[in-house]
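Chemist: My file is my_file28.cif. It has mmCIF, C-alpha atoms:
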data_my_file
loop_
_atom_site.group_PDB
_atom_site.id
_atom_site.type_symbol
_atom_site.label_atom_id
_atom_site.label_comp_id
_atom_site.auth_asym_id
_atom_site.auth_seq_id
_atom_site.Cartn_x
_atom_site.Cartn_y
_atom_site.Cartn_z
ATOM 1 C CA MET T 39 -97.182 -192.164 -84.679
ATOM 2 C CA ASP T 40 -94.078 -190.069 -84.088
ATOM 3 C CA ARG T 41 -90.878 -190.932 -85.917
ATOM 4 C CA ALA T 42 -87.245 -191.098 -84.844
ATOM 5 C CA LYS T 43 -84.244 -191.399 -87.145
ATOM 6 C CA ILE T 44 -81.990 -194.129 -85.766
ATOM 7 C CA ASP T 45 -78.802 -194.939 -87.670
ATOM 8 C CA GLY T 46 -80.359 -194.142 -91.041
ATOM 9 C CA VAL T 47 -83.705 -195.801 -90.333
ATOM 10 C CA GLU T 48 -86.907 -194.033 -89.336
ATOM 11 C CA LEU T 49 -88.756 -195.856 -86.564
ATOM 12 C CA ALA T 50 -92.411 -195.057 -85.883
ATOM 13 C CA TYR T 51 -93.342 -195.021 -82.203
ATOM 14 C CA ASP T 52 -96.082 -194.105 -79.734
ATOM 15 C CA ILE T 53 -95.804 -193.275 -76.043
ATOM 16 C CA SER T 54 -98.637 -193.458 -73.533
ATOM 17 C CA GLY T 55 -98.850 -193.193 -69.774
ATOM 18 C CA ALA T 56 -96.346 -192.024 -67.185
ATOM 19 C CA GLY T 57 -94.002 -193.733 -64.771
ATOM 20 C CA GLU T 58 -91.278 -196.318 -65.176
ATOM 21 C CA PRO T 59 -90.413 -196.762 -68.873
ATOM 22 C CA VAL T 60 -91.487 -199.941 -70.648
ATOM 23 C CA VAL T 61 -90.513 -200.682 -74.254
ATOM 24 C CA CYS T 62 -92.549 -203.271 -76.188
ATOM 25 C CA VAL T 63 -90.788 -205.158 -78.991
ATOM 26 C CA HIS T 64 -93.284 -206.827 -81.326
ATOM 27 C CA GLY T 65 -92.840 -210.107 -83.134
ATOM 28 C CA ALA T 66 -93.081 -211.029 -86.802
ATOM 29 C CA ILE T 67 -96.106 -210.388 -89.046
ATOM 30 C CA ILE T 68 -98.225 -208.196 -86.716
ATOM 31 C CA ALA T 69 -96.621 -204.839 -85.980
ATOM 32 C CA ASP T 70 -99.427 -203.675 -83.678
ATOM 33 C CA ALA T 71 -99.857 -206.854 -81.641
ATOM 34 C CA PHE T 72 -99.241 -204.870 -78.439
ATOM 35 C CA ARG T 73 -102.022 -202.338 -79.055
ATOM 36 C CA PRO T 74 -104.656 -204.241 -77.000
ATOM 37 C CA LEU T 75 -102.186 -204.691 -74.132
ATOM 38 C CA LEU T 76 -101.375 -200.996 -73.951
ATOM 39 C CA ALA T 77 -105.091 -200.252 -73.693
ATOM 40 C CA ALA T 78 -105.573 -202.661 -70.768
ATOM 41 C CA PRO T 79 -106.622 -200.976 -67.501
ATOM 42 C CA GLY T 80 -103.972 -200.380 -64.885
ATOM 43 C CA LEU T 81 -100.831 -199.967 -66.990
ATOM 44 C CA ALA T 82 -100.798 -196.444 -68.446
ATOM 45 C CA ASP T 83 -101.391 -194.834 -65.036
ATOM 46 C CA ARG T 84 -98.248 -196.492 -63.639
ATOM 47 C CA TYR T 85 -95.888 -196.932 -66.590
ATOM 48 C CA ARG T 86 -94.571 -194.981 -69.565
ATOM 49 C CA LEU T 87 -95.389 -197.398 -72.372
ATOM 50 C CA ILE T 88 -93.271 -197.196 -75.521
ATOM 51 C CA LEU T 89 -94.538 -199.053 -78.577
ATOM 52 C CA TYR T 90 -92.603 -198.935 -81.831
ATOM 53 C CA HIS T 91 -92.612 -200.593 -85.232
ATOM 54 C CA ARG T 92 -89.415 -202.474 -85.942
ATOM 55 C CA ARG T 93 -87.592 -201.644 -89.171
ATOM 56 C CA GLY T 94 -89.594 -202.719 -92.202
ATOM 57 C CA TYR T 95 -92.930 -202.806 -90.351
ATOM 58 C CA GLY T 96 -95.904 -200.484 -90.290
ATOM 59 C CA GLY T 97 -94.934 -196.835 -90.187
ATOM 60 C CA SER T 98 -91.185 -197.470 -89.968
ATOM 61 C CA SER T 99 -88.966 -197.242 -93.017
ATOM 62 C CA ARG T 100 -88.035 -200.253 -95.136
ATOM 63 C CA PRO T 101 -84.292 -200.254 -95.772
ATOM 64 C CA PRO T 102 -82.999 -202.605 -98.463
ATOM 65 C CA GLY T 103 -81.491 -205.916 -97.482
ATOM 66 C CA PRO T 104 -81.975 -208.192 -94.489
ATOM 67 C CA ALA T 105 -81.705 -207.149 -90.842
ATOM 68 C CA ASP T 106 -80.114 -209.477 -88.332
ATOM 69 C CA VAL T 107 -81.012 -209.734 -84.652
ATOM 70 C CA ALA T 108 -78.069 -207.591 -83.581
ATOM 71 C CA ARG T 109 -79.238 -204.763 -85.855
ATOM 72 C CA GLN T 110 -82.751 -204.974 -84.407
ATOM 73 C CA ALA T 111 -81.407 -204.779 -80.848
ATOM 74 C CA ALA T 112 -79.319 -201.744 -81.824
ATOM 75 C CA ASP T 113 -82.473 -200.091 -83.183
ATOM 76 C CA CYS T 114 -84.248 -200.585 -79.854
ATOM 77 C CA ARG T 115 -81.283 -199.238 -77.911
ATOM 78 C CA GLY T 116 -81.058 -196.256 -80.254
ATOM 79 C CA LEU T 117 -84.739 -195.443 -79.828
ATOM 80 C CA LEU T 118 -84.435 -195.516 -76.043
ATOM 81 C CA ALA T 119 -81.450 -193.167 -76.251
ATOM 82 C CA HIS T 120 -83.388 -190.864 -78.588
ATOM 83 C CA LEU T 121 -86.186 -190.710 -76.017
ATOM 84 C CA GLY T 122 -83.787 -190.037 -73.164
ATOM 85 C CA VAL T 123 -84.487 -193.400 -71.525
ATOM 86 C CA GLY T 124 -81.348 -194.783 -69.977
ATOM 87 C CA ARG T 125 -82.888 -197.959 -68.556
ATOM 88 C CA ALA T 126 -86.240 -199.654 -69.150
ATOM 89 C CA HIS T 127 -88.361 -202.713 -68.611
ATOM 90 C CA VAL T 128 -88.240 -204.592 -71.929
ATOM 91 C CA VAL T 129 -91.119 -206.749 -73.188
ATOM 92 C CA GLY T 130 -90.489 -208.962 -76.226
ATOM 93 C CA HIS T 131 -93.056 -211.134 -77.991
ATOM 94 C CA SER T 132 -91.957 -213.982 -80.280
ATOM 95 C CA TYR T 133 -89.251 -212.517 -82.579
ATOM 96 C CA GLY T 134 -89.297 -209.497 -80.294
ATOM 97 C CA GLY T 135 -88.305 -211.774 -77.424
ATOM 98 C CA VAL T 136 -85.160 -212.706 -79.325
ATOM 99 C CA VAL T 137 -84.417 -209.015 -79.864
ATOM 100 C CA ALA T 138 -84.926 -208.391 -76.135
ATOM 101 C CA LEU T 139 -82.491 -211.178 -75.206
ATOM 102 C CA GLN T 140 -79.910 -209.807 -77.624
ATOM 103 C CA LEU T 141 -80.317 -206.327 -76.138
ATOM 104 C CA ALA T 142 -79.796 -207.702 -72.624
ATOM 105 C CA GLN T 143 -76.538 -209.292 -73.755
ATOM 106 C CA VAL T 144 -75.010 -206.369 -75.656
ATOM 107 C CA ALA T 145 -76.459 -203.428 -73.686
ATOM 108 C CA PRO T 146 -77.306 -204.688 -70.182
ATOM 109 C CA GLU T 147 -77.160 -201.137 -68.847
ATOM 110 C CA ALA T 148 -80.286 -200.316 -70.899
ATOM 111 C CA VAL T 149 -82.319 -203.281 -69.594
ATOM 112 C CA HIS T 150 -83.777 -203.315 -66.090
ATOM 113 C CA SER T 151 -85.988 -206.369 -66.554
ATOM 114 C CA LEU T 152 -87.070 -208.734 -69.325
ATOM 115 C CA ALA T 153 -90.538 -210.074 -70.040
ATOM 116 C CA LEU T 154 -90.333 -212.813 -72.672
ATOM 117 C CA LEU T 155 -93.626 -213.783 -74.299
ATOM 118 C CA GLU T 156 -92.873 -217.113 -75.996
ATOM 119 C CA PRO T 157 -89.652 -215.892 -77.641
ATOM 120 C CA ALA T 158 -88.764 -217.368 -81.046
ATOM 121 C CA LEU T 159 -85.915 -219.524 -79.776
ATOM 122 C CA ALA T 160 -84.728 -222.706 -81.452
ATOM 123 C CA VAL T 161 -83.635 -224.656 -78.386
ATOM 124 C CA GLY T 162 -83.908 -228.167 -77.024
ATOM 125 C CA ALA T 163 -85.331 -231.182 -78.780
ATOM 126 C CA SER T 164 -87.754 -229.071 -80.826
ATOM 127 C CA ALA T 165 -85.052 -226.808 -82.302
ATOM 128 C CA GLN T 166 -84.522 -228.646 -85.577
ATOM 129 C CA ALA T 167 -88.233 -228.944 -86.321
ATOM 130 C CA TYR T 168 -88.772 -225.269 -85.546
ATOM 131 C CA ARG T 169 -85.975 -224.170 -87.865
ATOM 132 C CA ALA T 170 -87.401 -226.390 -90.595
ATOM 133 C CA SER T 171 -90.866 -224.859 -90.158
ATOM 134 C CA LEU T 172 -89.455 -221.337 -90.451
ATOM 135 C CA ALA T 173 -87.606 -222.241 -93.650
ATOM 136 C CA ALA T 174 -90.786 -223.861 -94.998
ATOM 137 C CA GLY T 175 -92.743 -220.675 -94.235
ATOM 138 C CA ALA T 176 -90.281 -218.624 -96.246
ATOM 139 C CA GLN T 177 -90.612 -221.066 -99.140
ATOM 140 C CA ARG T 178 -94.404 -220.835 -99.017
ATOM 141 C CA TYR T 179 -94.114 -217.040 -99.156
ATOM 142 C CA ARG T 180 -92.037 -217.286 -102.330
ATOM 143 C CA GLU T 181 -94.335 -219.863 -103.946
ATOM 144 C CA ALA T 182 -97.837 -218.851 -102.824
ATOM 145 C CA GLY T 183 -97.510 -215.180 -101.971
ATOM 146 C CA ALA T 184 -97.914 -212.971 -98.934
ATOM 147 C CA ALA T 185 -101.599 -213.534 -98.147
ATOM 148 C CA VAL T 186 -101.304 -217.324 -98.064
ATOM 149 C CA ALA T 187 -98.064 -217.261 -96.068
ATOM 150 C CA VAL T 188 -99.539 -214.917 -93.467
ATOM 151 C CA ASP T 189 -102.655 -217.079 -93.065
ATOM 152 C CA GLU T 190 -100.585 -220.228 -92.596
ATOM 153 C CA PHE T 191 -98.248 -218.485 -90.155
ATOM 154 C CA LEU T 192 -101.185 -217.431 -87.997
ATOM 155 C CA ARG T 193 -102.945 -220.818 -88.115
ATOM 156 C CA ALA T 194 -99.783 -222.475 -86.811
ATOM 157 C CA ARG T 195 -99.798 -220.246 -83.714
ATOM 158 C CA TRP T 196 -103.348 -219.484 -82.624
ATOM 159 C CA ARG T 197 -106.979 -220.487 -83.111
ATOM 160 C CA GLY T 198 -108.114 -217.210 -84.576
ATOM 161 C CA ASP T 199 -108.436 -216.234 -88.205
ATOM 162 C CA ARG T 200 -108.244 -213.051 -90.226
ATOM 163 C CA ALA T 201 -111.586 -211.861 -88.854
ATOM 164 C CA ALA T 202 -110.409 -212.352 -85.263
ATOM 165 C CA LEU T 203 -107.189 -210.500 -85.982
ATOM 166 C CA GLU T 204 -109.047 -207.638 -87.634
ATOM 167 C CA HIS T 205 -111.391 -207.413 -84.648
ATOM 168 C CA ALA T 206 -108.484 -207.249 -82.189
ATOM 169 C CA VAL T 207 -106.465 -204.738 -84.216
ATOM 170 C CA PRO T 208 -108.370 -203.044 -87.059
ATOM 171 C CA GLY T 209 -106.225 -202.821 -90.179
ATOM 172 C CA ALA T 210 -103.809 -205.493 -88.965
ATOM 173 C CA VAL T 211 -104.576 -207.935 -91.780
ATOM 174 C CA ALA T 212 -103.704 -205.567 -94.610
ATOM 175 C CA GLN T 213 -100.641 -204.368 -92.708
ATOM 176 C CA ALA T 214 -99.457 -207.933 -92.081
ATOM 177 C CA VAL T 215 -99.681 -208.745 -95.792
ATOM 178 C CA ALA T 216 -97.881 -205.509 -96.659
ATOM 179 C CA ASP T 217 -95.121 -206.326 -94.158
ATOM 180 C CA ALA T 218 -94.756 -209.981 -95.184
ATOM 181 C CA ALA T 219 -91.575 -209.353 -97.178
ATOM 182 C CA THR T 220 -89.928 -207.983 -94.034
ATOM 183 C CA SER T 221 -90.988 -211.032 -92.033
ATOM 184 C CA PHE T 222 -90.119 -213.785 -94.503
ATOM 185 C CA GLU T 223 -87.225 -212.253 -96.433
ATOM 186 C CA GLY T 224 -85.823 -209.363 -94.403
ATOM 187 C CA GLU T 225 -85.445 -210.878 -90.946
ATOM 188 C CA LEU T 226 -85.945 -214.644 -91.126
ATOM 189 C CA PRO T 227 -82.371 -215.320 -92.340
ATOM 190 C CA GLY T 228 -81.055 -213.403 -89.343
ATOM 191 C CA LEU T 229 -83.201 -215.418 -86.954
ATOM 192 C CA LEU T 230 -82.053 -218.719 -88.460
ATOM 193 C CA SER T 231 -78.406 -217.725 -88.058
ATOM 194 C CA TRP T 232 -78.763 -216.348 -84.516
ATOM 195 C CA ARG T 233 -77.678 -218.653 -81.704
ATOM 196 C CA PHE T 234 -78.806 -218.614 -78.095
ATOM 197 C CA GLY T 235 -78.440 -221.418 -75.603
ATOM 198 C CA GLU T 236 -77.679 -222.121 -71.963
ATOM 199 C CA ALA T 237 -74.281 -220.390 -71.988
ATOM 200 C CA GLU T 238 -75.763 -217.156 -73.355
ATOM 201 C CA ALA T 239 -78.739 -217.344 -70.971
ATOM 202 C CA ARG T 240 -76.473 -217.704 -67.951
ATOM 203 C CA ARG T 241 -74.951 -214.338 -68.802
ATOM 204 C CA VAL T 242 -78.298 -212.491 -68.738
ATOM 205 C CA GLY T 243 -78.071 -210.821 -65.358
ATOM 206 C CA ARG T 244 -81.516 -209.266 -65.208
ATOM 207 C CA PRO T 245 -84.848 -210.344 -63.677
ATOM 208 C CA ALA T 246 -86.733 -212.198 -66.402
ATOM 209 C CA LEU T 247 -90.345 -213.301 -66.684
ATOM 210 C CA SER T 248 -91.138 -216.105 -69.134
ATOM 211 C CA VAL T 249 -94.828 -216.098 -70.104
ATOM 212 C CA LEU T 250 -96.415 -219.186 -71.665
ATOM 213 C CA GLY T 251 -99.845 -219.461 -73.235
ATOM 214 C CA GLY T 252 -101.781 -222.162 -71.419
ATOM 215 C CA GLU T 253 -103.061 -223.610 -74.703
ATOM 216 C CA SER T 254 -99.915 -223.144 -76.798
ATOM 217 C CA GLY T 255 -99.082 -226.828 -76.417
ATOM 218 C CA ALA T 256 -101.853 -227.592 -78.903
ATOM 219 C CA PHE T 257 -99.574 -226.162 -81.613
ATOM 220 C CA GLY T 258 -96.530 -228.239 -80.777
ATOM 221 C CA PRO T 259 -94.021 -228.845 -77.989
ATOM 222 C CA ARG T 260 -91.617 -226.004 -78.647
ATOM 223 C CA PHE T 261 -93.506 -223.344 -76.690
ATOM 224 C CA GLY T 262 -93.539 -225.353 -73.478
ATOM 225 C CA GLU T 263 -90.006 -226.607 -73.985
ATOM 226 C CA THR T 264 -88.652 -223.094 -74.518
ATOM 227 C CA HIS T 265 -90.484 -221.888 -71.402
ATOM 228 C CA ARG T 266 -89.026 -224.664 -69.253
ATOM 229 C CA LEU T 267 -85.497 -224.136 -70.552
ATOM 230 C CA LEU T 268 -85.622 -220.390 -69.941
ATOM 231 C CA LEU T 269 -86.714 -221.000 -66.367
ATOM 232 C CA ALA T 270 -83.842 -223.454 -65.923
ATOM 233 C CA TRP T 271 -81.190 -221.334 -67.651
ATOM 234 C CA LEU T 272 -81.832 -217.692 -66.779
ATOM 235 C CA PRO T 273 -80.301 -216.848 -63.380
ATOM 236 C CA GLN T 274 -83.198 -214.634 -62.243
ATOM 237 C CA ALA T 275 -86.135 -216.363 -63.931
ATOM 238 C CA GLU T 276 -89.788 -216.321 -63.009
ATOM 239 C CA GLY T 277 -92.644 -217.993 -64.843
ATOM 240 C CA ALA T 278 -96.273 -217.185 -65.619
ATOM 241 C CA VAL T 279 -98.912 -219.104 -67.564
ATOM 242 C CA LEU T 280 -101.945 -217.427 -69.153
ATOM 243 C CA PRO T 281 -104.811 -219.938 -69.054
ATOM 244 C CA GLY T 282 -106.626 -220.277 -72.363
ATOM 245 C CA ALA T 283 -104.123 -218.219 -74.333
ATOM 246 C CA THR T 284 -101.907 -219.278 -77.228
ATOM 247 C CA HIS T 285 -98.932 -217.646 -78.937
ATOM 248 C CA LEU T 286 -100.739 -214.407 -79.798
ATOM 249 C CA MET T 287 -101.433 -213.735 -76.140
ATOM 250 C CA PRO T 288 -101.222 -209.914 -76.397
ATOM 251 C CA LEU T 289 -104.267 -210.111 -78.681
ATOM 252 C CA GLU T 290 -106.107 -212.915 -76.889
ATOM 253 C CA ASP T 291 -105.765 -211.939 -73.225
ATOM 254 C CA PRO T 292 -104.371 -208.428 -72.867
ATOM 255 C CA ARG T 293 -105.920 -207.975 -69.425
ATOM 256 C CA GLY T 294 -104.454 -211.168 -67.998
ATOM 257 C CA LEU T 295 -101.086 -210.353 -69.517
ATOM 258 C CA ALA T 296 -101.220 -206.818 -68.077
ATOM 259 C CA VAL T 297 -101.825 -208.252 -64.590
ATOM 260 C CA ALA T 298 -98.851 -210.627 -64.906
ATOM 261 C CA LEU T 299 -96.528 -207.908 -66.219
ATOM 262 C CA ALA T 300 -97.516 -205.279 -63.645
ATOM 263 C CA ALA T 301 -97.017 -207.755 -60.791
ATOM 264 C CA PHE T 302 -93.572 -208.666 -62.151
ATOM 265 C CA TRP T 303 -92.518 -205.037 -62.524
ATOM 266 C CA ALA T 304 -93.751 -204.259 -59.009
ATOM 267 C CA ARG T 305 -91.478 -206.996 -57.667
ATOM 268 C CA HIS T 306 -88.563 -205.489 -59.597
ATOM 269 C CA PRO T 307 -89.078 -201.709 -59.512
ATOM 270 C CA LEU T 308 -86.790 -199.465 -61.448
ATOM 271 C CA LEU T 309 -87.546 -196.354 -59.407
ATOM 272 C CA ALA T 310 -86.840 -195.937 -55.721
ATOM 273 C CA GLY T 311 -89.856 -196.903 -53.660
ATOM 274 C CA GLY T 312 -91.294 -199.163 -56.332
ATOM 275 C CA VAL T 313 -94.838 -199.233 -57.680
ATOM 276 C CA GLN T 314 -97.904 -201.162 -56.709
ATOM 277 C CA PRO T 315 -99.360 -203.662 -59.178
ATOM 278 C CA PRO T 316 -102.855 -202.932 -60.456
ATOM 279 C CA ARG T 317 -105.628 -205.035 -59.059
ATOM 280 C CA PRO T 318 -106.790 -207.795 -61.418
ATOM 281 C CA GLN T 319 -109.490 -206.597 -63.795
ATOM 282 C CA VAL T 320 -112.400 -208.470 -65.283
ATOM 283 C CA GLY T 321 -111.177 -211.709 -66.820
ATOM 284 C CA THR T 322 -109.048 -214.621 -65.787
ATOM 285 C CA ALA T 323 -105.848 -213.775 -63.967
ATOM 286 C CA PRO T 324 -102.711 -215.649 -65.002
ATOM 287 C CA THR T 325 -101.165 -218.455 -63.068
ATOM 288 C CA ALA T 326 -97.788 -217.178 -61.951
ATOM 289 C CA VAL T 327 -94.987 -219.154 -60.354
ATOM 290 C CA ARG T 328 -92.070 -217.125 -59.067
ATOM 291 C CA GLY T 329 -88.717 -218.712 -59.599
ATOM 292 C CA GLU T 330 -90.323 -221.805 -61.111
ATOM 293 C CA ARG T 331 -87.875 -224.425 -62.335
#
Let's see the structure in the file written out as structure tokens.
Modeler:
Amino acid sequence: MDRAKIDGVELAYDISGAGEPVVCVHGAIIADAFRPLLAAPGLADRYRLILYHRRGYGGSSRPPGPADVARQAADCRGLLAHLGVGRAHVVGHSYGGVVALQLAQVAPEAVHSLALLEPALAVGASAQAYRASLAAGAQRYREAGAAVAVDEFLRARWRGDRAALEHAVPGAVAQAVADAATSFEGELPGLLSWRFGEAEARRVGRPALSVLGGESGAFGPRFGETHRLLLAWLPQAEGAVLPGATHLMPLEDPRGLAVALAAFWARHPLLAGGVQPPRPQVGTAPTAVRGER
């Protein structure tokens, strides 16, 4: 990966494809969760895909002390500026979805559209339980160590195990354990203190796609509740559901996710004249509902 120095931090990044710029902001634990998506047919020939490791993950540097959500959004904005990208489609998964929403609030000129893949929001009736589970995960990390905490984090969000993760992204297991301190100590306090609700959502003036895993409800109500609230709150919201997928949808169904994203971007082109969405590839296409409420 190439490296860019952004405000004293070195961020590792890769760029593939050509066309309208897309920046992918990964979630906690798995720095390369977007790798299978970027390899899906039909994206790289239409879009310039920017994948980077957030501070403290993978090939990026590990500065001392915690990093709040605002700092993470500033990193993303700084990387885009370093690459000469004035405006991009932004895709955020889990914690990365929170970073994407923060970026849209503080630097709307840099965000053309938002794709939110089950963002890590504590909203609605499930908010208190979600915050408690995050705090419990941090406690388990301190008591039982990185390997145990990573396993439990994954089991609470998808049906796969370490072998499935390693198959999807070789080397991801060891990297996740190595990055566990960043996840549980470096950025969790910032997530717990960050606030986002209806008032903040109403101020996000960009087209936004909320993507829900069709089987995420098996792991609790918060995924579906967050999806419904985003569709109700965001002024330009659209919804898509990936049948059979859970929270780690970029690993489970990269082809279906690529179809949903490309169709969304084609409806909201950044460049004059727009782009055509790729035809669905082998696999199950997502169920998409435009403007669903």
Chemist: Just give me the gap between CA of Leu75 in chain T and CA of Gly294 in chain T in Å, one decimal is fine.
Modeler: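 According to the coordinates, CA of Leu75 in chain T and CA of Gly294 in chain T are separated by 9.2 Å.
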Chemist: Selection in question (the file shown): the PyMOL selection byres ((chain T and resi 186) around 12). Which residues does it include, as a ChimeraX atom specification?
Modeler: /T:175-185,187-193,200,211,214-215,218
Chemist: What are the centre and edge lengths in Å, to one decimal, of the axis-aligned box around all listed atoms of range 70-76 of chain T with 4 Å added on each side, as lines of an AutoDock Vina configuration file?
Modeler:
center_x = -101.9
center_y = -203.9
center_z = -78.8
size_x = 13.4
size_y = 13.9
size_z = 17.7
Chemist: Could you tell me, as a tab-separated table (two decimals) with C-alpha atoms, keeping the file's coordinate frame, exactly which residues end up selected when the PyMOL selection byres ((chain T and resi 151-156) around 8) is applied to this structure?
Modeler:
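And here's out-v1.tsv as it stands now:
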chain	number	residue	atom	x	y	z
T	126	ALA	CA	-86.24	-199.65	-69.15
T	127	HIS	CA	-88.36	-202.71	-68.61
T	128	VAL	CA	-88.24	-204.59	-71.93
T	129	VAL	CA	-91.12	-206.75	-73.19
T	130	GLY	CA	-90.49	-208.96	-76.23
T	131	HIS	CA	-93.06	-211.13	-77.99
T	132	SER	CA	-91.96	-213.98	-80.28
T	135	GLY	CA	-88.30	-211.77	-77.42
T	138	ALA	CA	-84.93	-208.39	-76.14
T	139	LEU	CA	-82.49	-211.18	-75.21
T	149	VAL	CA	-82.32	-203.28	-69.59
T	150	HIS	CA	-83.78	-203.32	-66.09
T	157	PRO	CA	-89.65	-215.89	-77.64
T	158	ALA	CA	-88.76	-217.37	-81.05
T	244	ARG	CA	-81.52	-209.27	-65.21
T	245	PRO	CA	-84.85	-210.34	-63.68
T	246	ALA	CA	-86.73	-212.20	-66.40
T	247	LEU	CA	-90.34	-213.30	-66.68
T	248	SER	CA	-91.14	-216.10	-69.13
T	249	VAL	CA	-94.83	-216.10	-70.10
T	250	LEU	CA	-96.42	-219.19	-71.67
T	251	GLY	CA	-99.84	-219.46	-73.24
T	261	PHE	CA	-93.51	-223.34	-76.69
T	264	THR	CA	-88.65	-223.09	-74.52
T	265	HIS	CA	-90.48	-221.89	-71.40
T	285	HIS	CA	-98.93	-217.65	-78.94
T	299	LEU	CA	-96.53	-207.91	-66.22
T	303	TRP	CA	-92.52	-205.04	-62.52
T	306	HIS	CA	-88.56	-205.49	-59.60
Chemist: Please enumerate the residues selected by the PyMOL selection byres ((chain T and resi 124) around 10) when evaluated against the supplied file, formatted as an NGL selection string.
Modeler: :T and (59 or 115 or 118-123 or 125-126 or 147-150)
Chemist: Between T:Leu159, T:Ala69, T:Ala275, T:Ala111, which is the closest to Gly96 in chain T once you count all atoms listed in the file?
Modeler: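 Among T:Leu159, T:Ala69, T:Ala275, T:Ala111, it is T:Ala69 that comes nearest to Gly96 in chain T.
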Chemist: Once you count all atoms listed in the file, which residues end up no further than 10 Å from (-77.4, -216.4, -69.3) in the file's frame, shown as a count of residues only?
Modeler: 19
Chemist: Quick one: pull the distance between CA of Gly282 in chain T and CA of Phe72 in chain T, Å, one decimal.
Modeler: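 Separation of CA of Gly282 in chain T and CA of Phe72 in chain T: 18.1 Å.
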Chemist: Considering only C-alpha atoms, return as a PyMOL selection string whatever protein or nucleic-acid residues lie within 10 Å of Val107 in chain T, sequence-local ones (same chain, fewer than 5 positions apart) excluded.
Modeler: chain T and resi 112-113+133-134+136-141+225-233
Chemist: Would you compute the distance between CA of Ala278 in chain T and CA of Gly255 in chain T? Give it in Å to one decimal.
Modeler: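 Separation between CA of Ala278 in chain T and CA of Gly255 in chain T: 14.7 Å.
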Chemist: Write out as a PyMOL selection string which residues come within 7 Å of Ile88 in chain T when counting all atoms listed in the file, dropping same-chain ones fewer than 5 positions away.
Modeler: chain T and resi 52-54+60-62
Chemist: Taking C-alpha atoms for each residue, export the selection above as a PDB file, keeping the file's coordinate frame.
Modeler:
ATOM      1  CA  ASP T  52     -96.082-194.105 -79.734  1.00  0.00           C
ATOM      2  CA  ILE T  53     -95.804-193.275 -76.043  1.00  0.00           C
ATOM      3  CA  SER T  54     -98.637-193.458 -73.533  1.00  0.00           C
ATOM      4  CA  VAL T  60     -91.487-199.941 -70.648  1.00  0.00           C
ATOM      5  CA  VAL T  61     -90.513-200.682 -74.254  1.00  0.00           C
ATOM      6  CA  CYS T  62     -92.549-203.271 -76.188  1.00  0.00           C
TER       7      CYS T  62
END
Chemist: Show me, as a PyMOL selection string, the residues that have an atom within 10 Å of Leu203 in chain T when counting only C-alpha atoms, minus same-chain residues fewer than 5 positions from it.
Modeler: chain T and resi 68+71+192+198+208-211+286+289-290
Chemist: Which one is closest to Thr220 in chain T: T:Arg109, T:Arg169, T:Arg93, T:His205? Count only C-alpha atoms.
Modeler: T:Arg93
Chemist: Check the smallest atom-to-atom distance from each of T:Glu276, T:Glu223, T:Asp45, T:Asp217 to His91 in chain T using only C-alpha atoms, then report the winner.
Modeler: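 For His91 in chain T, the nearest of the given residues is T:Asp217.
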Chemist: Closest to Ile67 in chain T among T:Ala216, T:Ala108, T:Ala174, T:Ala42, using all atoms listed in the file?
Modeler: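 So, comparing all the options, the nearest one is T:Ala216.
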Chemist: Measuring between all atoms listed in the file, which one of T:Gly252, T:Pro259, T:Ala298, T:Trp196 shows the shortest distance to Pro281 in chain T?
Modeler: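 Residue with the minimum atom-to-atom distance to Pro281 in chain T: T:Gly252.
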Chemist: Between T:Gly57, T:Gly65, T:Pro146, T:Gly46, which residue has the minimum interatomic distance to Leu309 in chain T, considering only C-alpha atoms?
Modeler: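 Under the stated criterion, the closest residue is T:Gly57.
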